[in-house]
Amino acid sequence: MISQRHLFLQHQAQTSPFPLMLEIVKAEGVFMYDLLGKRYMDLISGISVSNVGHCHPAVVSAIQEQASKYMHLMVYGEYIQSPQVQLSKALADILPRELNCTYLVNSGAEAIEGAMKLAKRYTGKTEFISFRNAYHGSTQGALSIMGDEQFKNAYRPLLPHTRILDYNDFESIELIGSNTAAVFVEMIQGEAGALNPLPGFIFALRKKCYEVGALLIADEIQTGFGRTGKMFAFEHFNIVPDVITVAKGMGGGMPIGAFISSTALMKSLTENPILGHLTTFGGNAVCCAAALASLRVIQNEKLLDSVAEKELIFRENLVHHRIKKIYGLGLLLAIEFESSAFNFAVIALCMQKGLVTDWFLFSSHKMRIAPPLQITEEQILWACQVILECIQLVDASNSF
């Protein structure tokens with residue numbers, strides 16, 4: 001019989017020459033189980049997706065209940081569907097009053113694309129500004145504002161009128177001008193290696209956007225839904241963006257995203273032309289039910305309350321002469337090593353010992369730590385022990 005591994009390589013499109021090739025048959029909480037029953041702790045939550053863990057009973061129940069009623073009915077925005085309405089209302093309840101209107105889509109990249117169209121349509125301007133080492137998605141528009149040239153060059157020409165600034169460079173803020181439609185910024189730069197903004201940087205961006213009439217769009221795709229210890233990372237910086245984009249941790253493991261703004265801004269997509277943005281599967285009823293259940297889990301289990309404490313446990317226990325620094329906020333952390341090769345070697349050993357971690361796209365010498373929010377102190381301590389053991393083994397090998 002042909003193995004799943006063989007079929008995977010033969011028939012499924014690959015994104016790299018070296019996929020991880022784990023064959024997972026079950027996942028629950030912070031753990032995943034392979035074909036042979038080996039258990040792996042998921043220390044990256046499927047890249048900040050499984051914020052409430054794998055297969056949370058409340059999320060599974062919501063999926064099953066909604067699937068028994070209806071799934072797809074009509075393209076987004078035409079029918080009144082309770083899962084969409086209830087999710088949008090729940091989001092408005094936890095966001096500032098300026099962010100009271102949600103457009104539901106399928107993914108983070110689609111949320112970025114929708115936000116780009118909204119900014120152009122509302123402001124009548126054409127320039128988009130983003131930041132070096134930013135990651136906003138891989139579709140054409142999102143790729144145009146990605147902050148890494150290596151990933152973009154093979155796909156040019158991309159959108160014109162884009163400008164890349166240096167994150168945390170206060171002087172470059174003055175380049176935001178009268179033709180700027182929007183500034184896209186991650187509150188914590190994810191793929192740059194969990195890079196925090198300098199004090200006052202996000203506030204200065206907000207102020208400049210007000211001055212020139214540009215929209216400030218906060219990419220909360222990786223940081224949203226509790227990852228940093230607040231429901232949304234912008235809450236750490238005493239500002240309210242004009243638009244936020246969300247996905248990843250939103251759906252409890254189901255594919256869903258959204259761009260969220262005010263009713264006044266969103267109305268610009270309803271005319272000249274009508275149907276200014278369309279999605280067939282955005283707001284899928286089952287995905288919305290899962291997202292609402294996931295949000296309620298975060299609230300009812302008070303998962304935000306312990307994020308800062310868990311961050312501290314990681315920081316206090318991950319001490320080694322090979323660790324240069326730990327970046328990030330909450331449970332989006334990055335362990336910095338001296339080289340990518342050293343990092344990859346440690347990651348590979350961790351995998352052998354049943355601990356799944358990863359690197360960052362634009363900061364490959366840093367190890368990613370982004371576990372489900374309900375990870376326990378005991379589980380954190382075990383993970384830290386494994387990481388330190390693997391660092392020690394690689395260090396003792398004298399290969400680096």
# chains A, B, ... in the order shown; residues from 1 in each chain; ligands from 1

$ residues_around --residues "stretch 89-96 of chain A" --least-positions-apart "3" --cutoff "12 Å" --atoms "only C-alpha atoms" --output "PyMOL selection string"
chain A and resi 82-86+99-104+224-225+230-235+238-244+246+250+258-263+288-289+291-296+298-299

$ select_by_dssp --residues "stretch 103-288 of chain A" --states "alpha helix (DSSP H)" --output "count of residues only"
45

$ closest_residue --among "A:Ala119, A:Val60, A:Met1, A:Ile369" --to "A:Leu269" --atoms "only C-alpha atoms"
A:Ala119

$ residues_around --residues "A:Ser61" --least-positions-apart "4" --cutoff "10 Å" --atoms "only C-alpha atoms" --output "PyMOL selection string"
chain A and resi 55-57+65-67+289-290+293

$ residues_around --residues "stretch 382-393 of chain A" --least-positions-apart "3" --cutoff "9 Å" --atoms "only C-alpha atoms" --output "short mmCIF file (atom, residue, chain, number, x, y, z; two decimals) with N, CA and C atoms, in the first residue's frame"
data_model
loop_
_atom_site.label_atom_id
_atom_site.label_comp_id
_atom_site.auth_asym_id
_atom_site.auth_seq_id
_atom_site.Cartn_x
_atom_site.Cartn_y
_atom_site.Cartn_z
N MET A 41 4.57 18.18 22.09
CA MET A 41 4.00 19.42 22.60
C MET A 41 4.11 20.48 21.50
N LEU A 43 4.51 23.94 20.71
CA LEU A 43 4.94 25.18 21.34
C LEU A 43 4.77 26.39 20.41
N PHE A 314 8.80 31.53 31.22
CA PHE A 314 9.71 31.24 30.10
C PHE A 314 11.00 32.04 30.25
N ASN A 317 13.38 30.86 33.09
CA ASN A 317 13.94 29.51 33.00
C ASN A 317 14.79 29.29 31.75
N LEU A 318 14.63 30.13 30.75
CA LEU A 318 15.45 29.97 29.54
C LEU A 318 16.69 30.85 29.66
N VAL A 319 17.63 30.37 30.43
CA VAL A 319 18.89 31.08 30.68
C VAL A 319 20.04 30.16 30.29
N HIS A 320 20.85 30.60 29.33
CA HIS A 320 21.99 29.81 28.86
C HIS A 320 22.94 30.77 28.15
N ARG A 322 24.35 30.50 25.47
CA ARG A 322 24.11 30.52 24.03
C ARG A 322 22.88 31.36 23.66
N ILE A 323 22.03 31.67 24.64
CA ILE A 323 20.86 32.51 24.38
C ILE A 323 21.29 33.97 24.52
N PHE A 342 22.80 27.25 14.20
CA PHE A 342 22.67 26.79 15.59
C PHE A 342 21.19 26.63 15.94
N ASN A 343 20.38 27.61 15.56
CA ASN A 343 18.94 27.56 15.84
C ASN A 343 18.29 26.33 15.21
N ALA A 345 19.61 23.53 14.36
CA ALA A 345 20.07 22.31 15.02
C ALA A 345 19.31 22.08 16.33
N VAL A 346 19.09 23.15 17.08
CA VAL A 346 18.34 23.02 18.34
C VAL A 346 16.88 22.65 18.05
N ILE A 347 16.28 23.28 17.05
CA ILE A 347 14.89 22.99 16.69
C ILE A 347 14.74 21.52 16.30
N ALA A 348 15.69 21.00 15.52
CA ALA A 348 15.63 19.60 15.08
C ALA A 348 15.72 18.65 16.26
N LEU A 349 16.61 18.94 17.21
CA LEU A 349 16.72 18.09 18.40
C LEU A 349 15.46 18.16 19.25
N CYS A 350 14.90 19.34 19.39
CA CYS A 350 13.64 19.48 20.14
C CYS A 350 12.55 18.60 19.53
N LYS A 353 12.77 15.12 20.53
CA LYS A 353 12.39 14.91 21.92
C LYS A 353 10.91 15.21 22.18
N GLY A 354 10.15 15.47 21.10
CA GLY A 354 8.72 15.66 21.25
C GLY A 354 8.29 17.08 21.55
N LEU A 355 9.10 18.05 21.15
CA LEU A 355 8.75 19.45 21.35
C LEU A 355 8.81 20.16 20.00
N GLU A 377 1.97 25.81 33.94
CA GLU A 377 3.33 26.06 34.42
C GLU A 377 4.19 24.80 34.29
N GLU A 378 3.63 23.66 34.65
CA GLU A 378 4.36 22.40 34.55
C GLU A 378 4.79 22.11 33.11
N GLN A 379 3.89 22.37 32.17
CA GLN A 379 4.21 22.15 30.77
C GLN A 379 5.28 23.13 30.27
N ALA A 396 27.73 21.37 22.94
CA ALA A 396 28.79 20.40 23.23
C ALA A 396 29.31 19.71 21.99
N SER A 397 28.55 19.79 20.88
CA SER A 397 28.97 19.12 19.66
C SER A 397 30.17 19.81 19.00
#
